[in-house]
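Asker: coords_20.txt is reproduced in full below (compact mmCIF, C-alpha atoms).
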# COMPACT_ATOMS: atom_id res chain seq x y z
CA MET A 1 69.09 112.02 91.85
CA LYS A 2 71.67 114.39 90.35
CA THR A 3 71.27 116.93 93.18
CA TRP A 4 71.56 114.22 95.81
CA PHE A 5 74.69 112.78 94.23
CA LEU A 6 76.31 116.20 93.93
CA LEU A 7 75.64 116.86 97.61
CA LEU A 8 77.15 113.48 98.47
CA CYS A 9 80.33 114.35 96.57
CA LEU A 10 80.55 117.80 98.14
CA ALA A 11 80.12 116.22 101.56
CA ILE A 12 83.31 114.18 101.18
CA PRO A 13 85.74 115.98 103.48
CA ILE A 14 89.32 116.86 102.71
CA SER A 15 91.59 115.10 105.19
CA ARG A 16 94.10 117.49 106.72
CA THR A 17 95.68 114.67 108.75
CA PRO A 18 99.17 113.78 107.47
CA LEU A 19 99.13 110.51 105.58
CA ARG A 20 101.73 107.79 105.73
CA THR A 21 105.01 109.15 104.46
CA GLY A 22 106.79 105.92 103.57
CA GLU A 23 107.94 105.50 99.99
CA PHE A 24 105.52 103.56 97.80
CA ALA A 25 106.76 99.97 97.67
CA LEU A 26 106.24 99.49 93.92
CA ARG A 27 108.94 101.02 91.76
CA ASP A 28 109.74 101.77 88.16
CA GLY A 29 110.60 98.54 86.34
CA ASP A 30 108.84 96.24 88.82
CA THR A 31 106.90 93.14 87.86
CA VAL A 32 104.41 92.55 90.66
CA ALA A 33 103.02 89.04 91.22
CA PHE A 34 100.02 88.34 93.46
CA LEU A 35 100.27 84.87 95.03
CA GLY A 36 97.16 83.56 96.73
CA ASP A 37 94.09 81.35 96.68
CA SER A 38 90.69 81.70 94.98
CA ILE A 39 90.21 85.24 96.31
CA THR A 40 93.33 86.26 94.40
CA ALA A 41 92.40 84.12 91.40
CA ALA A 42 89.08 85.99 91.21
CA ARG A 43 91.10 88.91 89.78
CA GLY A 44 89.40 91.64 91.76
CA TYR A 45 91.75 93.42 94.14
CA THR A 46 94.71 92.71 91.86
CA LYS A 47 93.17 94.71 89.02
CA ILE A 48 92.44 97.65 91.32
CA VAL A 49 96.05 97.75 92.51
CA GLU A 50 97.19 97.73 88.87
CA HIS A 51 94.68 100.47 88.01
CA TYR A 52 95.82 102.66 90.90
CA CYS A 53 99.47 102.35 89.89
CA LEU A 54 98.71 103.30 86.29
CA MET A 55 96.80 106.42 87.31
CA ARG A 56 99.03 107.56 90.15
CA PHE A 57 102.40 106.72 88.58
CA PRO A 58 101.87 106.76 84.79
CA GLU A 59 105.61 107.15 84.11
CA ARG A 60 106.57 104.03 86.05
CA ARG A 61 106.94 100.94 83.89
CA MET A 62 105.28 98.25 85.98
CA ARG A 63 103.76 94.89 85.04
CA PHE A 64 101.29 92.82 87.05
CA VAL A 65 100.89 89.04 87.22
CA ASN A 66 98.06 87.12 88.86
CA ALA A 67 99.38 83.96 90.56
CA GLY A 68 96.19 83.01 92.38
CA LYS A 69 94.89 79.44 92.43
CA GLY A 70 91.60 78.18 93.79
CA GLY A 71 92.07 76.10 96.93
CA GLY A 72 95.66 77.31 97.29
CA THR A 73 97.63 77.11 100.53
CA ALA A 74 100.94 78.55 101.64
CA SER A 75 102.59 75.13 101.70
CA GLY A 76 101.10 74.13 98.35
CA ALA A 77 102.26 77.35 96.68
CA VAL A 78 105.92 76.58 97.25
CA ALA A 79 105.94 74.02 94.43
CA ARG A 80 104.53 76.47 91.88
CA LEU A 81 106.77 79.44 92.66
CA GLU A 82 109.11 78.63 89.78
CA HIS A 83 106.38 78.49 87.13
CA ASP A 84 103.91 81.08 88.43
CA VAL A 85 106.27 83.67 89.91
CA PHE A 86 109.95 83.29 89.00
CA LYS A 87 109.48 82.56 85.29
CA LYS A 88 107.21 85.61 85.04
CA GLY A 89 110.13 87.84 86.02
CA ALA A 90 108.61 88.98 89.32
CA THR A 91 110.55 91.53 91.33
CA VAL A 92 107.81 91.96 93.96
CA LEU A 93 105.50 89.30 95.42
CA THR A 94 102.46 89.69 97.65
CA VAL A 95 101.38 86.50 99.46
CA ALA A 96 97.84 86.09 100.84
CA PHE A 97 96.96 82.66 102.26
CA GLY A 98 95.28 81.27 105.34
CA ILE A 99 91.66 80.31 104.84
CA ASN A 100 92.38 77.07 102.96
CA ASP A 101 95.35 76.32 105.21
CA ILE A 102 92.85 75.64 108.01
CA GLY A 103 90.16 74.14 105.77
CA TRP A 104 87.78 77.12 106.08
CA GLY A 105 88.14 76.83 109.85
CA MET A 106 87.15 73.19 110.08
CA LYS A 107 90.73 71.92 110.41
CA ALA A 108 92.20 74.61 112.62
CA THR A 109 94.74 72.30 114.23
CA PRO A 110 98.35 72.76 115.37
CA GLU A 111 99.42 70.64 112.38
CA ASN A 112 97.68 72.99 109.93
CA ARG A 113 99.21 75.99 111.67
CA GLN A 114 102.70 74.50 111.36
CA ARG A 115 102.24 73.68 107.68
CA TYR A 116 101.15 77.27 107.09
CA LEU A 117 104.17 78.70 108.90
CA ASP A 118 106.53 76.31 107.14
CA GLY A 119 105.04 77.35 103.81
CA ILE A 120 105.41 81.05 104.60
CA ARG A 121 109.03 80.51 105.62
CA ALA A 122 109.79 78.55 102.44
CA ILE A 123 108.22 81.23 100.22
CA ILE A 124 110.24 83.96 101.90
CA GLU A 125 113.51 82.05 101.61
CA ALA A 126 112.92 81.16 97.96
CA CYS A 127 112.07 84.77 97.08
CA GLN A 128 114.98 86.23 98.97
CA ALA A 129 117.33 83.86 97.15
CA LYS A 130 116.00 85.37 93.89
CA LYS A 131 116.25 88.96 95.23
CA ILE A 132 112.45 89.31 95.06
CA ARG A 133 110.88 91.75 97.52
CA VAL A 134 108.15 89.77 99.26
CA PHE A 135 105.19 91.02 101.31
CA ILE A 136 103.44 88.47 103.50
CA CYS A 137 99.79 89.39 104.00
CA SER A 138 97.14 88.12 106.33
CA PRO A 139 94.22 86.75 104.28
CA ALA A 140 90.96 88.49 103.52
CA ILE A 141 88.42 88.55 106.32
CA THR A 142 85.50 86.14 106.40
CA ALA A 143 81.94 87.15 107.30
CA GLU A 144 82.59 86.13 110.92
CA ALA A 145 81.77 88.83 113.47
CA PRO A 146 84.82 91.10 113.75
CA ASP A 147 85.23 90.84 117.53
CA SER A 148 85.34 87.05 117.54
CA ALA A 149 87.45 86.94 114.38
CA GLU A 150 90.00 89.25 116.02
CA THR A 151 90.77 86.57 118.60
CA GLY A 152 90.09 83.54 116.38
CA PHE A 153 92.48 80.86 115.16
CA LEU A 154 92.88 82.35 111.67
CA GLN A 155 93.97 85.77 112.92
CA LYS A 156 96.29 84.28 115.52
CA MET A 157 97.87 81.91 113.00
CA THR A 158 98.42 84.62 110.42
CA ASP A 159 99.75 86.97 113.10
CA GLU A 160 102.44 84.38 113.67
CA GLY A 161 103.10 84.37 109.93
CA LEU A 162 103.48 88.16 109.96
CA THR A 163 105.87 87.96 112.90
CA LEU A 164 107.88 85.29 111.12
CA ALA A 165 108.02 87.46 107.99
CA ARG A 166 109.23 90.52 109.85
CA SER A 167 111.93 88.52 111.62
CA SER A 168 113.07 87.25 108.20
CA GLY A 169 113.33 90.72 106.72
CA ALA A 170 110.18 90.45 104.57
CA GLY A 171 107.47 93.08 104.31
CA THR A 172 104.08 92.52 105.93
CA ILE A 173 100.51 93.75 105.35
CA ASP A 174 97.73 92.94 107.81
CA LEU A 175 94.83 92.83 105.38
CA GLN A 176 92.45 91.36 107.93
CA ARG A 177 92.60 94.25 110.36
CA GLY A 178 92.57 96.76 107.53
CA MET A 179 89.43 95.20 106.06
CA ARG A 180 87.83 94.80 109.48
CA GLU A 181 87.64 98.57 109.87
CA VAL A 182 85.34 98.69 106.84
CA GLN A 183 83.41 95.63 108.02
CA ARG A 184 82.59 97.32 111.33
CA ARG A 185 81.21 100.40 109.55
CA ILE A 186 78.98 98.21 107.43
CA LEU A 187 77.71 96.14 110.35
CA GLU A 188 76.87 99.30 112.28
CA ALA A 189 74.81 100.60 109.36
CA ASN A 190 73.17 97.21 108.78
CA ALA A 191 71.95 97.12 112.37
CA SER A 192 69.36 99.79 111.55
CA GLU A 193 68.28 98.18 108.23
CA THR A 194 65.30 95.88 108.81
CA ASN A 195 65.20 94.66 105.21
CA ILE A 196 67.86 91.94 105.04
CA ALA A 197 68.01 92.19 101.24
CA LYS A 198 69.14 95.81 101.51
CA ARG A 199 71.98 95.18 103.93
CA THR A 200 75.48 95.76 102.61
CA ARG A 201 77.85 92.80 102.44
CA LEU A 202 81.48 92.16 101.65
CA HIS A 203 81.02 88.49 100.78
CA VAL A 204 78.95 86.17 98.63
CA ASP A 205 76.65 83.68 100.33
CA ASP A 206 79.41 81.34 101.54
CA GLY A 207 80.78 84.08 103.81
CA VAL A 208 84.33 83.46 102.56
CA HIS A 209 84.63 84.64 98.97
CA LEU A 210 84.48 88.38 98.40
CA ASN A 211 81.97 90.30 96.31
CA ASP A 212 83.03 93.41 94.38
CA LEU A 213 82.85 95.64 97.47
CA GLY A 214 84.94 93.12 99.38
CA GLN A 215 87.56 93.07 96.64
CA LEU A 216 87.72 96.88 96.69
CA THR A 217 88.13 96.77 100.46
CA MET A 218 91.00 94.30 100.11
CA ALA A 219 92.63 96.44 97.41
CA PHE A 220 92.42 99.52 99.63
CA ALA A 221 93.99 97.65 102.57
CA MET A 222 96.77 96.29 100.36
CA LEU A 223 97.57 99.66 98.79
CA LYS A 224 97.78 101.32 102.20
CA GLY A 225 99.99 98.46 103.35
CA LEU A 226 102.29 99.17 100.39
CA ASP A 227 102.47 102.82 101.52
CA ALA A 228 100.48 104.07 98.55
CA PRO A 229 100.38 107.88 98.84
CA GLY A 230 97.01 109.48 99.27
CA ASP A 231 98.03 112.96 98.12
CA ILE A 232 97.97 113.35 94.34
CA SER A 233 98.22 117.09 93.79
CA ALA A 234 96.99 120.35 95.28
CA VAL A 235 96.73 123.96 94.18
CA THR A 236 95.64 127.17 95.92
CA ILE A 237 94.64 130.19 93.82
CA ASP A 238 93.93 133.75 94.95
CA ALA A 239 90.92 134.72 92.85
CA ALA A 240 91.19 138.43 93.70
CA ARG A 241 94.64 138.67 92.11
CA GLY A 242 94.50 135.68 89.75
CA GLN A 243 97.69 134.33 91.28
CA VAL A 244 98.94 130.94 92.41
CA LEU A 245 99.57 130.85 96.15
CA SER A 246 100.86 127.27 96.30
CA SER A 247 100.95 124.02 94.37
CA SER A 248 102.25 120.49 94.84
CA GLY A 249 102.24 117.46 92.57
CA CYS A 250 101.37 119.66 89.58
CA SER A 251 102.48 122.69 87.63
CA ILE A 252 100.19 125.71 87.15
CA SER A 253 100.31 128.13 84.24
CA ARG A 254 98.18 130.89 82.68
CA ALA A 255 96.48 131.82 85.93
CA SER A 256 94.26 134.84 85.40
CA ARG A 257 91.48 136.76 87.06
CA LEU A 258 88.10 136.69 85.29
CA PRO A 259 85.27 139.22 85.66
CA ASP A 260 83.25 136.55 87.47
CA GLY A 261 85.94 134.19 88.79
CA VAL A 262 89.36 132.79 87.97
CA ALA A 263 91.02 130.51 85.40
CA PHE A 264 94.27 128.53 85.21
CA THR A 265 95.88 125.54 83.50
CA ARG A 266 96.92 122.54 85.61
CA LEU A 267 99.30 119.74 84.61
CA ASP A 268 99.44 116.93 87.16
CA ARG A 269 102.13 114.30 87.69
CA GLY A 270 99.50 111.67 88.52
CA LEU A 271 95.73 111.33 88.56
CA PRO A 272 92.99 109.94 90.82
CA LEU A 273 91.73 106.37 90.76
CA ASN A 274 88.08 106.22 89.68
CA LEU A 275 86.22 102.98 89.10
CA GLY A 276 83.25 103.86 86.96
CA ILE A 277 79.70 105.15 87.24
CA LEU A 278 78.34 105.39 90.82
CA SER A 279 81.52 103.92 92.31
CA SER A 280 81.60 106.88 94.72
CA LEU A 281 78.69 105.31 96.58
CA ASN A 282 81.20 102.85 98.05
CA TYR A 283 83.17 105.66 99.69
CA ARG A 284 80.82 105.82 102.66
CA TRP A 285 82.42 102.50 103.62
CA ILE A 286 85.91 102.80 102.17
CA PRO A 287 87.72 106.14 102.70
CA LEU A 288 89.26 106.13 99.26
CA PRO A 289 89.00 109.92 98.68
CA GLU A 290 90.88 110.71 101.90
CA GLY A 291 93.19 107.70 101.79
CA LEU A 292 94.26 107.50 98.14
CA ASN A 293 92.58 110.25 96.11
CA GLN A 294 93.40 113.72 97.42
CA TYR A 295 93.12 115.81 94.25
CA LEU A 296 92.69 119.22 95.80
CA LEU A 297 91.64 122.69 94.73
CA THR A 298 91.39 125.77 96.96
CA ILE A 299 90.20 129.15 95.68
CA THR A 300 90.45 132.09 98.07
CA ASN A 301 88.93 135.58 97.89
CA LEU A 302 85.99 134.76 95.66
CA PRO A 303 83.06 137.13 96.23
CA PRO A 304 80.19 135.42 98.07
CA GLY A 305 77.93 133.30 95.90
CA GLU A 306 77.60 130.00 94.04
CA TYR A 307 80.24 129.00 91.50
CA GLU A 308 80.61 126.47 88.71
CA ILE A 309 83.87 124.52 88.45
CA ARG A 310 84.72 123.46 84.92
CA ALA A 311 87.70 121.56 83.55
CA GLU A 312 88.28 121.55 79.81
CA GLY A 313 84.85 123.12 79.46
CA ARG A 314 83.13 120.28 81.32
CA LEU A 315 81.08 121.02 84.44
CA VAL A 316 82.64 119.14 87.35
CA SER A 317 80.80 120.60 90.32
CA GLN A 318 79.15 123.61 91.89
CA ALA A 319 80.28 125.11 95.19
CA THR A 320 79.92 128.23 97.27
CA ALA A 321 82.77 130.69 97.66
CA GLU A 322 83.09 129.51 101.27
CA ALA A 323 83.44 125.87 100.20
CA CYS A 324 86.05 126.83 97.59
CA ALA A 325 88.03 128.69 100.24
CA ARG A 326 87.96 125.67 102.57
CA GLY A 327 89.19 123.45 99.75
CA LEU A 328 87.58 120.79 97.56
CA ASN A 329 88.61 117.26 96.69
CA LEU A 330 87.73 117.04 93.00
CA SER A 331 88.83 113.43 92.53
CA SER A 332 85.39 111.88 92.13
CA MET A 333 83.11 114.89 91.81
CA THR A 334 80.65 114.88 88.94
CA ALA A 335 77.71 117.06 87.96
CA ASP A 336 75.97 114.03 86.44
CA PRO A 337 76.21 110.68 88.28
CA TRP A 338 75.68 108.81 85.01
CA GLU A 339 78.78 110.34 83.41
CA PRO A 340 82.42 110.88 84.41
CA GLY A 341 83.23 114.15 86.13
CA GLY A 342 86.44 115.84 85.05
CA PRO A 343 88.73 114.60 82.27
CA TRP A 344 90.78 112.75 84.92
CA ASP A 345 87.66 110.73 85.76
CA ALA A 346 87.10 109.84 82.10
CA GLN A 347 90.77 108.84 81.74
CA SER A 348 90.48 106.53 84.74
CA ASP A 349 87.31 104.94 83.37
CA ILE A 350 89.11 104.29 80.08
CA VAL A 351 92.11 102.78 81.86
CA LYS A 352 89.77 100.55 83.88
CA GLU A 353 88.40 99.09 80.65
CA LEU A 354 91.95 98.46 79.44
CA VAL A 355 92.89 96.77 82.72
CA ASP A 356 89.83 94.55 82.32
CA ALA A 357 90.83 93.84 78.71
CA ARG A 358 94.33 92.83 79.74
CA ASP A 359 92.86 90.60 82.44
CA LYS A 360 90.63 88.88 79.86
CA LEU A 361 93.63 88.38 77.60
CA TRP A 362 95.56 86.82 80.47
CA MET A 363 92.69 84.47 81.31
CA SER A 364 92.44 83.34 77.70
CA ALA A 365 96.12 82.33 77.88
CA VAL A 366 95.51 80.42 81.12
CA LEU A 367 92.65 78.47 79.56
CA ARG A 368 94.56 77.83 76.36
CA THR A 369 97.62 76.53 78.22
CA ALA A 370 95.55 74.31 80.50
CA TYR A 371 93.09 72.87 77.98
CA ASN A 372 94.28 73.59 74.45
CA ALA A 373 98.03 73.11 74.63
CA ASP A 374 98.01 70.58 71.77
CA HIS A 375 96.83 73.19 69.28
CA PRO A 376 99.09 72.90 66.18
CA ARG A 377 99.77 76.68 66.25
CA PHE A 378 100.19 76.92 70.00
CA ASN A 379 103.57 78.69 69.96
CA ARG A 380 102.53 81.24 67.34
CA LEU A 381 99.27 81.98 69.16
CA ASP A 382 101.20 82.32 72.40
CA GLN A 383 103.45 84.93 70.81
CA HIS A 384 100.41 86.78 69.47
CA LEU A 385 99.02 87.04 72.99
CA ARG A 386 102.31 88.30 74.34
CA ASP A 387 102.42 90.96 71.64
CA LEU A 388 98.85 92.00 72.40
CA ASP A 389 99.66 92.24 76.10
CA ASP A 390 102.63 94.50 75.38
CA ARG A 391 100.45 96.74 73.24
CA LEU A 392 97.74 96.89 75.91
CA VAL A 393 100.26 97.88 78.57
CA LEU A 394 101.52 100.72 76.35
CA GLU A 395 97.94 101.84 75.71
CA GLN A 396 97.16 101.79 79.44
CA ARG A 397 100.06 104.11 80.16
CA ALA A 398 99.22 106.41 77.26
CA GLN A 399 95.60 106.78 78.39
CA ALA A 400 96.61 107.34 82.03
CA LYS A 401 99.16 110.05 81.26
CA PRO A 402 98.05 113.50 82.49
CA TYR A 403 97.69 116.37 80.05
CA PRO A 404 97.07 120.08 80.77
CA TYR A 405 93.52 120.81 81.96
CA ARG A 406 92.12 124.31 81.64
CA PHE A 407 90.09 125.16 84.77
CA GLU A 408 87.51 127.91 84.99
CA ILE A 409 85.73 128.79 88.22
CA ARG A 410 82.92 131.21 87.42
CA ARG A 411 79.91 132.54 89.24
CA LYS A 412 76.84 130.41 88.51
CA PRO A 413 74.53 132.15 86.02
Would you give me this structure, written as structure tokens?
Answerer:
Amino acid sequence: MKTWFLLLCLAIPISRTPLRTGEFALRDGDTVAFLGDSITAARGYTKIVEHYCLMRFPERRMRFVNAGKGGGTASGAVARLEHDVFKKGATVLTVAFGINDIGWGMKATPENRQRYLDGIRAIIEACQAKKIRVFICSPAITAEAPDSAETGFLQKMTDEGLTLARSSGAGTIDLQRGMREVQRRILEANASETNIAKRTRLHVDDGVHLNDLGQLTMAFAMLKGLDAPGDISAVTIDAARGQVLSSSGCSISRASRLPDGVAFTRLDRGLPLNLGILSSLNYRWIPLPEGLNQYLLTITNLPPGEYEIRAEGRLVSQATAEACARGLNLSSMTADPWEPGGPWDAQSDIVKELVDARDKLWMSAVLRTAYNADHPRFNRLDQHLRDLDDRLVLEQRAQAKPYPYRFEIRRKP
């Protein structure tokens, strides 16, 4: 199992294709609200976006607010903007509606379409009046076959919403087409799997609500739509001279030649997004390493042979001199699939737990407000939760902050 997993990680290619160069849409000081229906309220993709931002931009002070509501529609959301978005101090809003606007496809009428478009227009106008940067998104895909969904009522209706948004000066993200790329890969692989139980899916049984893989797919599509950079940092070291040839996104110090390899200290400005044990198995469907997680290391002029790559004394991977010279993406590499790889992987796993903790804290406040508002100590308890949330946010940033890693690349004993 360990050998197979290591080979899988080593097989992840480094993309040399230039990534999108637009500035990331989420800035220092932003409060980002996610407005949507039950798929948003499920708190899946929203947590991954938060997690990515913490790891990639640990110095940016950003807050995240879930404004999803089961059964929500674009027109219905207008009435709750004040309470769920404006009072939360949002500076950025993502909007993902559509499936309930046409009654899961059973009420796909011109009247439903017009209500959807009117709702989108009203949301944009209300946000622009408050100087909130708004991104209108197409909704998550359903389990409908991608070719028919591409020309179906839902896609056409939300395409009109995207056109309306662009003409109004709002941002747009076509989540459906972004997710459909992943869906097609999965369907192609499923075609050769005779055991239905082993086929990969993006949805639960109703074909509408997303499972964990579906939520990750939606998060990836949203982050790319927000121009999330894929390049984290990169360094090239000449092992023969123990010198740094180039670096970006990090600073390198104490580079030195070793009798059997090379060593250096690396301090990054941001770190990769990792989502826990065995999460790399999802990367055959979702190109997260190439698209969001390019944490690169290139070592030239190593004598031929097999080498161990260690960071802070921990074995991250093994690679040949030829592979090191071509370049490695270390973001999710691990020598043991049941443990984190490098210290950056462990940091991300810790931050994931803190993101989950903050989400649980938020949900407790939602339940308390909805069903226990007559508690005699309501206001004091509410303040306690706010204080805890502030402390969790500070802890998230502290755990995500990079620190200097000592790398050693030595010939395998």
Asker: List the neighbours of Phe24 (chain A) out to 10 Å using all atoms listed in the file; skip same-chain residues closer than 3 positions along the sequence, and give me the result as an NGL selection string.
Answerer: :A and (20-21 or 27 or 223-229)
Asker: Next, write the just-selected residues to a file, as a tab-separated table (two decimals), in the frame of the given file, keeping C-alpha atoms as the atom set.
Answerer:
chain	number	residue	atom	x	y	z
A	20	ARG	CA	101.73	107.79	105.73
A	21	THR	CA	105.01	109.15	104.46
A	27	ARG	CA	108.94	101.02	91.76
A	223	LEU	CA	97.57	99.66	98.79
A	224	LYS	CA	97.78	101.32	102.20
A	225	GLY	CA	99.99	98.46	103.35
A	226	LEU	CA	102.29	99.17	100.39
A	227	ASP	CA	102.47	102.82	101.52
A	228	ALA	CA	100.48	104.07	98.55
A	229	PRO	CA	100.38	107.88	98.84
Asker: With 12 Å as the cut-off and all atoms listed in the file counted, what is the closest atom pair between each nearby residue of region 48-106 of chain A and region 151-154 of chain A? Distances in Å to one decimal, ordered by chain and number, as CSV.
Answerer:
residue,atom,partner,partner_atom,distance
A:Phe97,CA,A:Leu154,CA,10.3
A:Gly98,CA,A:Leu154,CA,6.9
A:Ile99,CA,A:Leu154,CA,7.2
A:Asn100,CA,A:Leu154,CA,10.2
A:Asp101,CA,A:Leu154,CA,9.2
A:Ile102,CA,A:Leu154,CA,7.6
A:Gly103,CA,A:Leu154,CA,10.5
A:Trp104,CA,A:Leu154,CA,9.2
A:Gly105,CA,A:Leu154,CA,7.5
A:Met106,CA,A:Phe153,CA,10.6
Asker: Between CA of His375 (chain A) and CA of Leu361 (chain A), what distance in Å does the model show, to one decimal?
Answerer: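 Rounded to one decimal, the two atoms are 17.6 Å apart.
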Asker: Taking all atoms listed in the file into account, name the residue in A:Glu188, A:Glu408, A:Asp238, A:Asp231 that is nearest to Glu312 (chain A).
Answerer: A:Glu408
Asker: Considering all atoms listed in the file, return as a list of chain:residue names whatever protein or nucleic-acid residues lie within 10 Å of Arg185 (chain A), sequence-local ones (same chain, fewer than 4 positions apart) excluded.
Answerer: A:Arg180, A:Glu181, A:Ala189, A:Asn190, A:Arg284, A:Trp285, A:Ile286
Asker: Residues near region 40-57 of chain A, anyone? I mean within 7 Å using all atoms listed in the file, not counting same-chain ones fewer than 2 positions away, as a PDB file with C-alpha atoms, keeping the file's coordinate frame.
Answerer:
ATOM      1  CA  GLY A  36      97.160  83.560  96.730  1.00  0.00           C
ATOM      2  CA  ASP A  37      94.090  81.350  96.680  1.00  0.00           C
ATOM      3  CA  SER A  38      90.690  81.700  94.980  1.00  0.00           C
ATOM      4  CA  GLU A  59     105.610 107.150  84.110  1.00  0.00           C
ATOM      5  CA  ARG A  60     106.570 104.030  86.050  1.00  0.00           C
ATOM      6  CA  PHE A  64     101.290  92.820  87.050  1.00  0.00           C
ATOM      7  CA  ASN A  66      98.060  87.120  88.860  1.00  0.00           C
ATOM      8  CA  GLY A  68      96.190  83.010  92.380  1.00  0.00           C
ATOM      9  CA  LYS A  69      94.890  79.440  92.430  1.00  0.00           C
ATOM     10  CA  GLY A  70      91.600  78.180  93.790  1.00  0.00           C
ATOM     11  CA  GLN A 215      87.560  93.070  96.640  1.00  0.00           C
ATOM     12  CA  LEU A 216      87.720  96.880  96.690  1.00  0.00           C
ATOM     13  CA  MET A 218      91.000  94.300 100.110  1.00  0.00           C
ATOM     14  CA  ALA A 219      92.630  96.440  97.410  1.00  0.00           C
ATOM     15  CA  LEU A 223      97.570  99.660  98.790  1.00  0.00           C
ATOM     16  CA  GLY A 270      99.500 111.670  88.520  1.00  0.00           C
ATOM     17  CA  LEU A 271      95.730 111.330  88.560  1.00  0.00           C
ATOM     18  CA  PRO A 272      92.990 109.940  90.820  1.00  0.00           C
ATOM     19  CA  LEU A 273      91.730 106.370  90.760  1.00  0.00           C
ATOM     20  CA  SER A 348      90.480 106.530  84.740  1.00  0.00           C
ATOM     21  CA  LYS A 352      89.770 100.550  83.880  1.00  0.00           C
ATOM     22  CA  VAL A 355      92.890  96.770  82.720  1.00  0.00           C
ATOM     23  CA  ARG A 397     100.060 104.110  80.160  1.00  0.00           C
ATOM     24  CA  ALA A 400      96.610 107.340  82.030  1.00  0.00           C
TER      25      ALA A 400
END
Asker: Taking into account all atoms listed in the file, which residue in the set A:Leu117, A:Lys156, A:Ala255, A:Gly171 is nearest to Val92 (chain A)?
Answerer: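 The closest residue to Val92 (chain A) is A:Gly171.
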Asker: Neighbours of region 294-311 of chain A within 7 Å (all atoms listed in the file; same-chain residues fewer than 3 positions away dropped), as a ChimeraX atom specification?
Answerer: /A:230-240,261,272,289-290,314-321,324-331,342,405-412
Asker: Which residue is closest to Asn211 (chain A)? Choose from A:Ala90, A:Lys130, A:Asp260, A:Ala140 and count only C-alpha atoms.
Answerer: A:Ala140
